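Text of data.pdb, listed as PDB, C-alpha atoms:
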MODEL        1
ATOM      1  CA  MET C   1     -27.562 -67.873 -27.902
ATOM      2  CA  THR C   2     -27.645 -68.829 -31.565
ATOM      3  CA  TYR C   3     -28.009 -65.135 -32.361
ATOM      4  CA  SER C   4     -24.641 -64.454 -30.720
ATOM      5  CA  ILE C   5     -22.897 -67.051 -32.873
ATOM      6  CA  ASP C   6     -24.634 -65.773 -35.993
ATOM      7  CA  ARG C   7     -23.721 -62.198 -35.190
ATOM      8  CA  ALA C   8     -20.047 -63.070 -34.687
ATOM      9  CA  ARG C   9     -19.997 -64.847 -38.051
ATOM     10  CA  GLN C  10     -21.789 -61.917 -39.700
ATOM     11  CA  ASP C  11     -19.361 -59.411 -38.181
ATOM     12  CA  LEU C  12     -16.442 -61.380 -39.597
ATOM     13  CA  GLY C  13     -18.094 -61.544 -43.015
ATOM     14  CA  ARG C  14     -18.887 -57.824 -42.925
ATOM     15  CA  ARG C  15     -15.251 -56.974 -42.254
ATOM     16  CA  LEU C  16     -14.099 -59.180 -45.128
ATOM     17  CA  ARG C  17     -16.597 -57.441 -47.410
ATOM     18  CA  GLU C  18     -15.243 -54.035 -46.345
ATOM     19  CA  ILE C  19     -11.711 -55.165 -47.177
ATOM     20  CA  ARG C  20     -12.819 -56.400 -50.613
ATOM     21  CA  ARG C  21     -14.616 -53.172 -51.382
ATOM     22  CA  SER C  22     -11.721 -51.015 -50.190
ATOM     23  CA  ALA C  23      -9.570 -52.870 -52.713
ATOM     24  CA  GLY C  24     -12.018 -51.904 -55.464
ATOM     25  CA  LEU C  25     -12.962 -55.497 -56.194
ATOM     26  CA  THR C  26     -16.386 -56.930 -56.931
ATOM     27  CA  GLY C  27     -17.384 -60.298 -55.535
ATOM     28  CA  VAL C  28     -16.968 -61.832 -58.992
ATOM     29  CA  GLN C  29     -13.469 -60.370 -59.386
ATOM     30  CA  LEU C  30     -12.311 -61.619 -55.993
ATOM     31  CA  ALA C  31     -13.743 -65.053 -56.731
ATOM     32  CA  GLU C  32     -11.721 -65.164 -59.963
ATOM     33  CA  LEU C  33      -8.533 -64.158 -58.137
ATOM     34  CA  LEU C  34      -9.029 -66.885 -55.559
ATOM     35  CA  ALA C  35     -10.379 -69.487 -57.991
ATOM     36  CA  TRP C  36     -13.541 -69.717 -55.880
ATOM     37  CA  SER C  37     -17.181 -69.578 -56.858
ATOM     38  CA  GLN C  38     -18.937 -66.219 -56.482
ATOM     39  CA  PRO C  39     -21.648 -67.755 -54.239
ATOM     40  CA  LYS C  40     -18.908 -68.767 -51.790
ATOM     41  CA  ILE C  41     -17.804 -65.131 -51.538
ATOM     42  CA  SER C  42     -21.407 -64.098 -50.923
ATOM     43  CA  LYS C  43     -21.990 -66.756 -48.243
ATOM     44  CA  ILE C  44     -18.874 -65.744 -46.325
ATOM     45  CA  GLU C  45     -19.678 -62.035 -46.503
ATOM     46  CA  THR C  46     -23.244 -62.529 -45.295
ATOM     47  CA  GLY C  47     -22.252 -64.861 -42.467
ATOM     48  CA  ARG C  48     -23.937 -67.935 -43.906
ATOM     49  CA  GLN C  49     -20.589 -69.710 -44.111
ATOM     50  CA  ALA C  50     -17.517 -69.333 -41.905
ATOM     51  CA  PRO C  51     -14.204 -69.221 -43.791
ATOM     52  CA  GLU C  52     -11.162 -71.268 -42.875
ATOM     53  CA  ALA C  53      -8.016 -69.563 -41.601
ATOM     54  CA  THR C  54      -6.160 -70.170 -44.879
ATOM     55  CA  GLU C  55      -9.096 -68.724 -46.798
ATOM     56  CA  ILE C  56      -8.975 -65.551 -44.720
ATOM     57  CA  ALA C  57      -5.243 -65.245 -45.371
ATOM     58  CA  ASN C  58      -5.752 -65.682 -49.121
ATOM     59  CA  TRP C  59      -8.655 -63.222 -49.122
ATOM     60  CA  VAL C  60      -6.772 -60.348 -47.495
ATOM     61  CA  GLN C  61      -3.646 -61.106 -49.537
ATOM     62  CA  ALA C  62      -5.637 -60.799 -52.766
ATOM     63  CA  CYS C  63      -7.026 -57.464 -51.521
ATOM     64  CA  GLY C  64      -3.596 -56.102 -50.617
ATOM     65  CA  ARG C  65      -4.365 -56.153 -46.888
ATOM     66  CA  ALA C  66      -2.223 -58.993 -45.601
ATOM     67  CA  ASP C  67      -1.715 -57.007 -42.389
ATOM     68  CA  GLU C  68      -5.358 -57.748 -41.480
ATOM     69  CA  ALA C  69      -4.903 -61.523 -41.502
ATOM     70  CA  ALA C  70      -3.825 -62.055 -37.888
ATOM     71  CA  ASP C  71      -6.727 -60.091 -36.378
ATOM     72  CA  LEU C  72      -9.318 -61.754 -38.589
ATOM     73  CA  ILE C  73      -7.953 -65.236 -37.926
ATOM     74  CA  ASN C  74      -8.124 -64.479 -34.205
ATOM     75  CA  ARG C  75     -11.787 -63.570 -34.678
ATOM     76  CA  LEU C  76     -12.338 -66.874 -36.465
ATOM     77  CA  ASN C  77     -10.627 -68.818 -33.671
ATOM     78  CA  GLU C  78     -12.811 -67.075 -31.099
ATOM     79  CA  LEU C  79     -15.913 -67.924 -33.128
ATOM     80  CA  GLU C  80     -14.924 -71.571 -33.343
ATOM     81  CA  SER C  81     -14.125 -71.778 -29.629
ATOM     82  CA  MET C  82     -17.577 -70.470 -28.687
ATOM     83  CA  TRP C  83     -19.040 -73.908 -29.208
ATOM     84  CA  ILE C  84     -17.817 -77.013 -27.407
ATOM     85  CA  ALA C  85     -20.015 -79.915 -28.441
ATOM     86  CA  TRP C  86     -21.168 -82.059 -25.518
ATOM     87  CA  LYS C  87     -20.542 -85.221 -27.487
ATOM     88  CA  ASP C  88     -16.863 -84.253 -27.816
ATOM     89  CA  GLN C  89     -16.580 -83.460 -24.114
ATOM     90  CA  LEU C  90     -18.317 -86.680 -23.148
ATOM     91  CA  ARG C  91     -15.616 -88.758 -24.808
ATOM     92  CA  HIS C  92     -13.808 -88.296 -21.503
ATOM     93  CA  GLY C  93     -16.984 -88.738 -19.459
ATOM     94  CA  HIS C  94     -18.848 -86.382 -17.168
ATOM     95  CA  SER C  95     -15.984 -86.592 -14.672
ATOM     96  CA  GLY C  96     -13.667 -85.103 -17.294
ATOM     97  CA  ILE C  97     -16.068 -82.193 -17.755
ATOM     98  CA  GLN C  98     -16.253 -81.677 -13.990
ATOM     99  CA  ALA C  99     -12.453 -81.675 -13.717
ATOM    100  CA  ARG C 100     -12.185 -79.060 -16.468
ATOM    101  CA  ILE C 101     -14.784 -76.841 -14.810
ATOM    102  CA  ALA C 102     -13.023 -77.173 -11.437
ATOM    103  CA  SER C 103      -9.786 -75.978 -13.006
ATOM    104  CA  GLU C 104     -11.547 -72.988 -14.554
ATOM    105  CA  GLU C 105     -13.294 -72.109 -11.293
ATOM    106  CA  LYS C 106      -9.958 -71.692  -9.531
ATOM    107  CA  GLN C 107      -9.311 -68.656 -11.714
ATOM    108  CA  ILE C 108     -12.677 -66.944 -11.124
ATOM    109  CA  ARG C 109     -13.062 -64.356  -8.380
ATOM    110  CA  VAL C 110     -16.747 -63.411  -8.733
ATOM    111  CA  PHE C 111     -19.397 -65.930  -9.816
ATOM    112  CA  ARG C 112     -22.785 -64.635 -10.962
ATOM    113  CA  GLY C 113     -25.255 -67.320 -11.968
ATOM    114  CA  TYR C 114     -28.915 -67.727 -12.814
ATOM    115  CA  GLU C 115     -30.964 -70.902 -13.236
ATOM    116  CA  PRO C 116     -34.705 -71.100 -14.025
ATOM    117  CA  THR C 117     -35.376 -74.776 -13.200
ATOM    118  CA  LEU C 118     -32.240 -76.246 -11.670
ATOM    119  CA  ILE C 119     -30.169 -75.875  -8.504
ATOM    120  CA  PRO C 120     -26.678 -74.678  -9.588
ATOM    121  CA  GLY C 121     -24.008 -77.374  -9.653
ATOM    122  CA  LEU C 122     -21.894 -75.786  -6.921
ATOM    123  CA  PHE C 123     -24.855 -76.051  -4.524
ATOM    124  CA  GLN C 124     -26.009 -79.589  -5.342
ATOM    125  CA  THR C 125     -26.044 -82.508  -2.919
ATOM    126  CA  PRO C 126     -24.597 -85.839  -4.162
ATOM    127  CA  ASP C 127     -28.028 -87.394  -4.732
ATOM    128  CA  TYR C 128     -29.353 -84.327  -6.533
ATOM    129  CA  ALA C 129     -26.209 -84.170  -8.695
ATOM    130  CA  ARG C 130     -26.567 -87.862  -9.494
ATOM    131  CA  ALA C 131     -30.151 -87.345 -10.702
ATOM    132  CA  VAL C 132     -29.084 -84.388 -12.854
ATOM    133  CA  LEU C 133     -26.184 -86.260 -14.434
ATOM    134  CA  GLU C 134     -28.297 -89.359 -15.060
ATOM    135  CA  ALA C 135     -30.760 -87.151 -16.948
ATOM    136  CA  ALA C 136     -27.855 -85.713 -18.959
ATOM    137  CA  ASN C 137     -26.762 -89.235 -19.851
ATOM    138  CA  ARG C 138     -30.244 -90.059 -21.100
ATOM    139  CA  LYS C 139     -30.343 -86.868 -23.154
ATOM    140  CA  ASN C 140     -26.890 -87.421 -24.649
ATOM    141  CA  ARG C 141     -27.458 -91.182 -25.104
ATOM    142  CA  SER C 142     -24.184 -91.788 -23.318
ATOM    143  CA  ALA C 143     -23.042 -94.139 -20.568
ATOM    144  CA  SER C 144     -20.535 -91.966 -18.726
ATOM    145  CA  ASP C 145     -19.417 -92.944 -15.236
ATOM    146  CA  ILE C 146     -21.904 -91.118 -13.038
ATOM    147  CA  GLU C 147     -20.262 -91.876  -9.686
ATOM    148  CA  ASP C 148     -16.898 -90.393 -10.647
ATOM    149  CA  ALA C 149     -18.682 -87.325 -12.005
ATOM    150  CA  VAL C 150     -20.696 -86.907  -8.791
ATOM    151  CA  GLN C 151     -17.524 -87.072  -6.721
ATOM    152  CA  GLN C 152     -15.862 -84.493  -8.958
ATOM    153  CA  ARG C 153     -18.857 -82.168  -8.745
ATOM    154  CA  ILE C 154     -18.939 -82.372  -4.940
ATOM    155  CA  LYS C 155     -15.174 -81.830  -4.763
ATOM    156  CA  ARG C 156     -15.653 -78.649  -6.802
ATOM    157  CA  GLN C 157     -17.692 -77.252  -3.929
ATOM    158  CA  GLU C 158     -14.553 -76.743  -1.848
ATOM    159  CA  VAL C 159     -14.227 -73.456  -3.723
ATOM    160  CA  LEU C 160     -17.307 -72.151  -1.875
ATOM    161  CA  TYR C 161     -15.262 -71.847   1.297
ATOM    162  CA  ARG C 162     -12.621 -69.643  -0.278
ATOM    163  CA  ARG C 163     -13.030 -66.201   1.288
ATOM    164  CA  ASP C 164     -11.331 -64.535  -1.662
ATOM    165  CA  LYS C 165     -14.234 -65.560  -3.894
ATOM    166  CA  SER C 166     -17.788 -64.258  -4.120
ATOM    167  CA  PHE C 167     -20.832 -66.258  -5.242
ATOM    168  CA  ARG C 168     -23.968 -64.444  -6.357
ATOM    169  CA  TYR C 169     -26.636 -66.841  -7.555
ATOM    170  CA  ILE C 170     -30.300 -66.443  -8.379
ATOM    171  CA  VAL C 171     -32.832 -69.151  -9.172
ATOM    172  CA  ALA C 172     -36.493 -69.013 -10.085
ATOM    173  CA  GLU C 173     -38.709 -70.546  -7.401
ATOM    174  CA  ALA C 174     -39.515 -73.302  -9.883
ATOM    175  CA  ALA C 175     -35.963 -74.632  -9.374
ATOM    176  CA  LEU C 176     -36.897 -75.470  -5.778
ATOM    177  CA  HIS C 177     -39.848 -77.596  -6.886
ATOM    178  CA  HIS C 178     -38.767 -79.332 -10.103
ATOM    179  CA  ARG C 179     -38.057 -82.787  -8.729
ATOM    180  CA  ARG C 180     -34.665 -84.371  -9.290
ATOM    181  CA  GLY C 181     -34.538 -87.762  -7.633
ATOM    182  CA  ASN C 182     -37.010 -88.696  -4.899
ATOM    183  CA  ARG C 183     -38.590 -86.719  -2.064
ATOM    184  CA  ASP C 184     -35.701 -87.349   0.311
ATOM    185  CA  THR C 185     -33.299 -86.058  -2.337
ATOM    186  CA  MET C 186     -35.250 -82.811  -2.694
ATOM    187  CA  ALA C 187     -35.639 -82.335   1.066
ATOM    188  CA  ALA C 188     -31.896 -82.806   1.614
ATOM    189  CA  GLN C 189     -31.162 -80.417  -1.234
ATOM    190  CA  MET C 190     -33.289 -77.720   0.382
ATOM    191  CA  ASP C 191     -31.450 -78.192   3.685
ATOM    192  CA  ARG C 192     -28.169 -77.786   1.841
ATOM    193  CA  LEU C 193     -29.349 -74.526   0.277
ATOM    194  CA  ILE C 194     -30.341 -73.109   3.651
ATOM    195  CA  THR C 195     -26.904 -73.929   5.059
ATOM    196  CA  LEU C 196     -25.031 -72.407   2.116
ATOM    197  CA  SER C 197     -27.215 -69.297   2.094
ATOM    198  CA  ARG C 198     -25.776 -68.381   5.499
ATOM    199  CA  LEU C 199     -22.169 -68.223   4.285
ATOM    200  CA  SER C 200     -20.887 -64.653   4.175
ATOM    201  CA  ASN C 201     -19.445 -64.919   0.660
ATOM    202  CA  ILE C 202     -22.628 -66.395  -0.845
ATOM    203  CA  SER C 203     -25.639 -64.399  -1.981
ATOM    204  CA  PHE C 204     -28.488 -66.741  -2.911
ATOM    205  CA  GLY C 205     -31.655 -65.176  -4.274
ATOM    206  CA  ILE C 206     -34.981 -66.632  -5.351
ATOM    207  CA  ILE C 207     -37.501 -65.171  -7.789
ATOM    208  CA  PRO C 208     -40.892 -66.021  -6.202
ATOM    209  CA  PHE C 209     -43.710 -67.399  -8.316
ATOM    210  CA  ASP C 210     -45.799 -64.319  -7.573
ATOM    211  CA  SER C 211     -42.993 -61.830  -8.220
ATOM    212  CA  SER C 212     -43.242 -59.283 -11.010
ATOM    213  CA  SER C 213     -39.560 -59.252 -11.865
ATOM    214  CA  PRO C 214     -38.293 -56.497 -14.191
ATOM    215  CA  TYR C 215     -36.846 -59.254 -16.363
ATOM    216  CA  LEU C 216     -36.816 -63.038 -16.062
ATOM    217  CA  PRO C 217     -34.327 -64.811 -18.370
ATOM    218  CA  ASN C 218     -35.523 -67.929 -20.140
ATOM    219  CA  HIS C 219     -32.205 -69.767 -19.863
ATOM    220  CA  GLY C 220     -29.523 -70.239 -17.261
ATOM    221  CA  PHE C 221     -26.097 -68.655 -17.463
ATOM    222  CA  LEU C 222     -22.895 -68.104 -15.500
ATOM    223  CA  ILE C 223     -20.968 -64.836 -15.616
ATOM    224  CA  ARG C 224     -17.297 -65.411 -14.804
ATOM    225  CA  ASP C 225     -15.937 -62.220 -13.230
ATOM    226  CA  GLU C 226     -16.732 -59.593 -15.857
ATOM    227  CA  THR C 227     -14.883 -61.278 -18.695
ATOM    228  CA  SER C 228     -17.063 -64.080 -20.079
ATOM    229  CA  VAL C 229     -20.460 -65.775 -19.918
ATOM    230  CA  VAL C 230     -21.129 -69.518 -20.158
ATOM    231  CA  VAL C 231     -24.488 -70.773 -21.418
ATOM    232  CA  GLU C 232     -25.347 -74.472 -21.645
ATOM    233  CA  THR C 233     -27.666 -75.381 -24.490
ATOM    234  CA  ILE C 234     -29.160 -78.783 -25.239
ATOM    235  CA  SER C 235     -26.333 -79.646 -27.636
ATOM    236  CA  ALA C 236     -23.355 -77.564 -26.581
ATOM    237  CA  GLU C 237     -21.663 -75.189 -24.199
ATOM    238  CA  LEU C 238     -21.484 -71.620 -25.447
ATOM    239  CA  THR C 239     -18.887 -69.152 -24.186
ATOM    240  CA  LEU C 240     -19.442 -65.452 -24.857
ATOM    241  CA  SER C 241     -16.495 -63.123 -24.389
ATOM    242  CA  HIS C 242     -17.345 -60.028 -26.432
ATOM    243  CA  GLN C 243     -17.487 -57.157 -23.965
ATOM    244  CA  ILE C 244     -20.846 -55.886 -25.205
ATOM    245  CA  GLU C 245     -22.410 -59.308 -24.596
ATOM    246  CA  VAL C 246     -20.858 -59.667 -21.147
ATOM    247  CA  GLU C 247     -22.161 -56.216 -20.232
ATOM    248  CA  GLN C 248     -25.643 -57.178 -21.429
ATOM    249  CA  TYR C 249     -25.660 -60.267 -19.210
ATOM    250  CA  LEU C 250     -24.402 -58.227 -16.258
ATOM    251  CA  HIS C 251     -27.273 -55.799 -16.824
ATOM    252  CA  VAL C 252     -29.798 -58.655 -17.062
ATOM    253  CA  PHE C 253     -28.392 -60.203 -13.889
ATOM    254  CA  GLN C 254     -28.910 -56.939 -12.005
ATOM    255  CA  MET C 255     -32.469 -56.637 -13.320
ATOM    256  CA  THR C 256     -33.192 -60.216 -12.277
ATOM    257  CA  ALA C 257     -31.664 -59.695  -8.832
ATOM    258  CA  SER C 258     -33.907 -56.684  -8.221
ATOM    259  CA  GLY C 259     -36.926 -59.004  -8.227
ATOM    260  CA  ALA C 260     -35.387 -61.682  -5.993
ATOM    261  CA  CYS C 261     -35.764 -62.506  -2.309
ATOM    262  CA  PHE C 262     -32.615 -62.974  -0.239
ATOM    263  CA  ASN C 263     -31.549 -64.017   3.268
ATOM    264  CA  SER C 264     -34.467 -64.874   5.589
ATOM    265  CA  GLN C 265     -37.093 -64.378   2.874
ATOM    266  CA  ALA C 266     -35.244 -66.775   0.568
ATOM    267  CA  ARG C 267     -34.848 -69.310   3.382
ATOM    268  CA  THR C 268     -38.595 -69.151   4.000
ATOM    269  CA  LEU C 269     -39.250 -70.107   0.375
ATOM    270  CA  ILE C 270     -36.662 -72.891   0.591
ATOM    271  CA  GLY C 271     -38.253 -74.172   3.805
ATOM    272  CA  ASN C 272     -41.658 -74.227   2.142
ATOM    273  CA  ALA C 273     -40.233 -76.237  -0.740
ATOM    274  CA  ALA C 274     -38.624 -78.664   1.704
ATOM    275  CA  ARG C 275     -41.939 -79.269   3.478
ATOM    276  CA  GLN C 276     -43.720 -79.836   0.170
ATOM    277  CA  ALA C 277     -41.006 -82.292  -0.890
ATOM    278  CA  SER C 278     -41.535 -84.280   2.316
ATOM    279  CA  THR C 279     -45.320 -84.608   1.994
TER
ENDMDL
END
Using structure tokens, write down the structure from this file.
Amino acid sequence: MTYSIDRARQDLGRRLREIRRSAGLTGVQLAELLAWSQPKISKIETGRQAPEATEIANWVQACGRADEAADLINRLNELESMWIAWKDQLRHGHSGIQARIASEEKQIRVFRGYEPTLIPGLFQTPDYARAVLEAANRKNRSASDIEDAVQQRIKRQEVLYRRDKSFRYIVAEAALHHRRGNRDTMAAQMDRLITLSRLSNISFGIIPFDSSSPYLPNHGFLIRDETSVVVETISAELTLSHQIEVEQYLHVFQMTASGACFNSQARTLIGNAARQAST
């Protein structure tokens, strides 16, 4: 995840370095033209520091390549939009986040998701969602209105019954056993999964504990159609939209799916988890 951000910053810096060199300027000479320090030039070119939009415009102007400004500033804007800090989102509470996600989900045709330890939000029961959001509040040291957020998350699930949409989700078996809430909460959540797994537009797979999957990702992700990937980290939400990265996640999703159980086999695993939750 961090690597993707770093690489985007490095790619931008590399392109700026190419423009400087094509103009026949050294780093020292460009720094003098811009009235900057030479270390600043070096940091930007190596991706250790992201430039501002005005700095990009001044850079390419000094190199006689003003026509490059718009494309490079677009790259910068994309880099900056990759990260949405949770603390900024939480100013409007968890319900605000849920409302934003619901709006985005209306535009998605094919959902592909993976979770290693958590039931995906679209499949959560109210009590399970409440336990998840309460944990998020503790982590973020916030006091957002949980009940409004739970209602918003459950309302989002109306999209599951849209026949023009397809939902392909995979979880590791651990997600069925990591307890969120009490035993009744987990048992009800398993019942909900069994019900949803029977819908014709939902494919719900489980990677068994004893499976030798070709590849098992260490973090959860959501692929939105074939255009972007959303990854939630501890501190932020990361959106990847470079085609090469989206293609890599699509490939990983297919590898993961090849080691998953579906349909009756998946429901057997869910039933086992439900019985364990009740004992």
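Candidate residues C:Met186, C:Leu240, C:Val28, C:Val229 were compared for distance to Gln124 of chain C, and the nearest is C:Met186, using all atoms listed in the file.
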Fill in: For atom CA of Ala129 of chain C and atom CA of Ser264 of chain C, the interatomic separation in Å (one decimal)
25.4 Å
Discussion item. Counting only C-alpha atoms, find residues at most 12 Å from (-15.3, -55.5, -48.4) (file frame) and give them as a list of chain:residue names.
Written reply: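 Those residues, ordered by chain and then number, are C:Asp11, C:Leu12, C:Gly13, C:Arg14, C:Arg15, C:Leu16, C:Arg17, C:Glu18, C:Ile19, C:Arg20, C:Arg21, C:Ser22, C:Ala23, C:Gly24, C:Leu25, C:Thr26, C:Gly27, C:Leu30, C:Ile41, C:Ser42, C:Ile44, C:Glu45, C:Thr46, C:Trp59, C:Val60, C:Ala62, C:Cys63, C:Gly64, C:Arg65.
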Fill in: Within 12 Å of Thr279 of chain C using all atoms listed in the file, minus same-chain residues under 4 positions, as a ChimeraX atom specification
/C:182-184,186-187,272-275
Please dump the current selection as a PDB file, in the frame of the given file; keep C-alpha atoms.
ATOM      1  CA  ASN C 182     -37.010 -88.696  -4.899  1.00  0.00           C
ATOM      2  CA  ARG C 183     -38.590 -86.719  -2.064  1.00  0.00           C
ATOM      3  CA  ASP C 184     -35.701 -87.349   0.311  1.00  0.00           C
ATOM      4  CA  MET C 186     -35.250 -82.811  -2.694  1.00  0.00           C
ATOM      5  CA  ALA C 187     -35.639 -82.335   1.066  1.00  0.00           C
ATOM      6  CA  ASN C 272     -41.658 -74.227   2.142  1.00  0.00           C
ATOM      7  CA  ALA C 273     -40.233 -76.237  -0.740  1.00  0.00           C
ATOM      8  CA  ALA C 274     -38.624 -78.664   1.704  1.00  0.00           C
ATOM      9  CA  ARG C 275     -41.939 -79.269   3.478  1.00  0.00           C
TER      10      ARG C 275
END
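From atom CA of Gln98 of chain C back to atom CA of Glu80 of chain C, the distance works out to 21.9 Å.
Minimum atom-to-atom distance to Asp6 of chain C, evaluated using only C-alpha atoms, belongs to C:Arg48 out of C:Glu158, C:Pro126, C:Leu238, C:Arg48.
Of the residues listed (C:Pro39, C:Gly113, C:Pro51, C:Gly271), C:Gly271 shows the shortest atom-to-atom separation from Arg192 of chain C; distances use only C-alpha atoms.
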Worksheet item: Quick one: which residues end up in the PyMOL selection byres ((chain C and resi 130) around 9) for this structure, as a list in words?
Response: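 Selected by the PyMOL selection byres ((chain C and resi 130) around 9) in this file: Thr125, Pro126, Asp127, Tyr128, Ala129, Ala131, Val132, Leu133, Glu134, Ala135, Ile146, Glu147, Ala149, Val150, Arg180 and Gly181 of chain C.
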Residue subset to file, keeping C-alpha atoms, as a CSV table (one decimal), in the frame of the given file:
chain,number,residue,atom,x,y,z
C,125,THR,CA,-26.0,-82.5,-2.9
C,126,PRO,CA,-24.6,-85.8,-4.2
C,127,ASP,CA,-28.0,-87.4,-4.7
C,128,TYR,CA,-29.4,-84.3,-6.5
C,129,ALA,CA,-26.2,-84.2,-8.7
C,131,ALA,CA,-30.2,-87.3,-10.7
C,132,VAL,CA,-29.1,-84.4,-12.9
C,133,LEU,CA,-26.2,-86.3,-14.4
C,134,GLU,CA,-28.3,-89.4,-15.1
C,135,ALA,CA,-30.8,-87.2,-16.9
C,146,ILE,CA,-21.9,-91.1,-13.0
C,147,GLU,CA,-20.3,-91.9,-9.7
C,149,ALA,CA,-18.7,-87.3,-12.0
C,150,VAL,CA,-20.7,-86.9,-8.8
C,180,ARG,CA,-34.7,-84.4,-9.3
C,181,GLY,CA,-34.5,-87.8,-7.6
Fill in: Selected residue, from C:Ala69, C:Ile202, C:Ile101, C:Ala257, that lies nearest to Glu237 of chain C when counting all atoms listed in the file
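The answer is C:Ile101, which sits nearest to Glu237 of chain C.
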Worksheet entry | Pick from C:Asn201, C:Ser37, C:Gln254, C:Thr195, whichever lies nearest to Ser166 of chain C using all atoms listed in the file |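 Comparing C:Asn201, C:Ser37, C:Gln254, C:Thr195 against Ser166 of chain C, the winner is C:Asn201.
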Discussion item. Between C:Asp145, C:Glu173, C:Glu55, C:Glu104, which residue has the minimum interatomic distance to Thr117 of chain C, considering only C-alpha atoms?
Written reply: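 For Thr117 of chain C, the nearest of the candidates is C:Glu173.
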